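Listing of run-v4.tsv; format and content: TSV, C-alpha atoms.
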```
chain	number	residue	atom	x	y	z
A	1	ALA	CA	-38.52	55.73	-47.66
A	2	ASP	CA	-35.59	57.99	-46.80
A	3	PHE	CA	-32.12	56.80	-47.84
A	4	THR	CA	-28.68	58.01	-48.84
A	5	LEU	CA	-26.20	56.51	-51.27
A	6	SER	CA	-22.50	57.03	-51.77
A	7	PRO	CA	-20.36	57.45	-53.67
A	8	ASN	CA	-22.33	58.79	-56.59
A	9	PRO	CA	-20.92	58.35	-59.20
A	10	ALA	CA	-19.79	54.86	-58.16
A	11	ASP	CA	-16.89	52.82	-59.54
A	12	ASN	CA	-16.77	49.52	-57.64
A	13	VAL	CA	-19.24	49.61	-54.76
A	14	LEU	CA	-22.32	51.58	-53.82
A	15	HIS	CA	-23.18	52.05	-50.15
A	16	VAL	CA	-26.84	52.53	-49.29
A	17	GLU	CA	-28.00	53.70	-45.86
A	18	ILE	CA	-31.72	53.38	-45.34
A	19	LYS	CA	-33.07	55.65	-42.63
A	20	ASP	CA	-36.51	54.07	-42.45
A	21	PRO	CA	-36.83	51.15	-39.97
A	22	THR	CA	-39.87	49.83	-41.89
A	23	PHE	CA	-37.66	49.13	-44.94
A	24	LYS	CA	-38.92	46.23	-47.07
A	25	LYS	CA	-37.09	46.10	-50.42
A	26	ALA	CA	-34.43	47.81	-52.53
A	27	ARG	CA	-33.89	47.50	-56.28
A	28	LEU	CA	-31.24	48.83	-58.63
A	29	MET	CA	-32.61	49.23	-62.17
A	30	THR	CA	-31.36	50.32	-65.55
A	31	VAL	CA	-33.02	53.25	-67.32
A	32	LYS	CA	-35.02	50.64	-69.25
A	33	GLY	CA	-36.44	49.26	-65.98
A	34	GLU	CA	-34.39	46.04	-65.93
A	35	ILE	CA	-33.62	44.96	-62.34
A	36	VAL	CA	-29.88	44.32	-61.95
A	37	TRP	CA	-29.83	43.99	-58.15
A	38	GLU	CA	-32.51	43.43	-55.53
A	39	THR	CA	-32.72	42.69	-51.82
A	40	ASN	CA	-35.48	41.94	-49.36
A	41	SER	CA	-33.02	42.02	-46.47
A	42	SER	CA	-34.08	43.99	-43.42
A	43	LEU	CA	-30.55	45.40	-43.01
A	44	THR	CA	-30.64	49.20	-43.20
A	45	THR	CA	-27.07	49.33	-44.56
A	46	GLN	CA	-26.45	47.69	-47.92
A	47	THR	CA	-23.27	47.45	-50.00
A	48	ILE	CA	-23.76	46.75	-53.69
A	49	ASP	CA	-20.87	45.50	-55.85
A	50	VAL	CA	-21.32	47.45	-59.09
A	51	SER	CA	-17.91	46.65	-60.60
A	52	ALA	CA	-19.43	44.25	-63.17
A	53	PHE	CA	-22.24	46.60	-64.23
A	54	GLU	CA	-22.00	48.59	-67.45
A	55	SER	CA	-21.23	52.29	-67.09
A	56	GLY	CA	-24.31	54.45	-67.21
A	57	VAL	CA	-27.31	55.77	-65.34
A	58	TYR	CA	-29.29	53.54	-62.98
A	59	PHE	CA	-32.08	54.12	-60.49
A	60	LEU	CA	-32.20	52.83	-56.92
A	61	SER	CA	-35.70	52.30	-55.57
A	62	VAL	CA	-36.33	51.74	-51.85
A	63	THR	CA	-39.70	50.60	-50.54
A	64	SER	CA	-40.91	50.71	-46.95
A	65	GLU	CA	-44.23	50.58	-45.14
A	66	LYS	CA	-44.40	54.37	-45.56
A	67	GLY	CA	-44.01	54.27	-49.37
A	68	SER	CA	-41.19	54.22	-51.87
A	69	SER	CA	-38.61	56.61	-53.27
A	70	MET	CA	-36.09	56.53	-56.08
A	71	LYS	CA	-32.72	58.16	-56.71
A	72	LYS	CA	-30.49	58.33	-59.76
A	73	VAL	CA	-27.12	56.56	-59.59
A	74	VAL	CA	-24.25	56.93	-62.04
A	75	ILE	CA	-21.91	53.98	-62.44
A	76	ARG	CA	-18.54	54.63	-64.10
```
Just dump the structure as structure tokens.
Amino acid sequence: ADFTLSPNPADNVLHVEIKDPTFKKARLMTVKGEIVWETNSSLTTQTIDVSAFESGVYFLSVTSEKGSSMKKVVIR
């Protein structure tokens, strides 16, 4: 599952562009594996409001029919 995210580090919002049309699910997790945001929407562009999240390192996981991939996100 190929995707890009910006800005990274993020302050208020995180924009995710998923380049895989078979996209199924996206999750934003803490380093402890706690899910803080999740979507099953088929939209390939997602905007996540991260303004209420604690500062730190998170991981965004995107799953598609082709598999899944994960990227590190820093929230300030």
* For Thr63 in chain A, please output as a list in words all residues within 10 Å (counting only C-alpha atoms; exclusion window: fewer than 3 positions along the same chain). =>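 These residues fall inside the cut-off: Ala1, Asp2, Ile18, Asp20, Thr22, Phe23, Lys24, Lys25, Ala26, Arg27, Asn40, Lys66, Gly67, Ser68, Ser69 and Met70 of chain A.
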* Between CA of Lys32 in chain A and CA of Asn12 in chain A - distance in Å to one decimal ->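 So the answer is 21.7 Å.
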* To do: Go ahead and compute the interatomic distance for CA of Leu14 in chain A and CA of Glu65 in chain A, in Å to one decimal.
  =>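 Answer for the CA of Leu14 in chain A to CA of Glu65 in chain A separation: 23.6 Å.
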* To do: To one decimal in Å, tell me the separation between CA of Thr30 in chain A and CA of Pro7 in chain A.
  =>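 Between CA of Thr30 in chain A and CA of Pro7 in chain A the gap is 17.7 Å.
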* Shell of 7 Å around Phe3 in chain A, all atoms listed in the file, local chain residues under 3 positions omitted, as a list in words ->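 My list of contacting residues is Val16, Glu17, Ile18 and Lys19 of chain A.
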* **From A:Ser55, A:Val74, A:Asp49, A:Ser41, residue lying nearest Pro21 in chain A [only C-alpha atoms]** =>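 Answer, going by the shortest atom-to-atom distance: A:Ser41.
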* To do: Between A:Ser64, A:Thr4, A:Val13, A:Phe53, single out the one closest to Ile35 in chain A, counting all atoms listed in the file.
  =>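 So, comparing all the options, the nearest one is A:Phe53.
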Anything within 7 Å of (-22.6, 52.9, -60.5): list those residues as a PDB file with C-alpha atoms, in the frame of the given file, counting all atoms listed in the file and sticking to the file's coordinates.
```pdb
ATOM      1  CA  PRO A   9     -20.920  58.350 -59.200  1.00  0.00           C
ATOM      2  CA  ALA A  10     -19.790  54.860 -58.160  1.00  0.00           C
ATOM      3  CA  ASP A  11     -16.890  52.820 -59.540  1.00  0.00           C
ATOM      4  CA  LEU A  14     -22.320  51.580 -53.820  1.00  0.00           C
ATOM      5  CA  VAL A  50     -21.320  47.450 -59.090  1.00  0.00           C
ATOM      6  CA  SER A  55     -21.230  52.290 -67.090  1.00  0.00           C
ATOM      7  CA  VAL A  73     -27.120  56.560 -59.590  1.00  0.00           C
ATOM      8  CA  VAL A  74     -24.250  56.930 -62.040  1.00  0.00           C
ATOM      9  CA  ILE A  75     -21.910  53.980 -62.440  1.00  0.00           C
ATOM     10  CA  ARG A  76     -18.540  54.630 -64.100  1.00  0.00           C
TER      11      ARG A  76
END
```
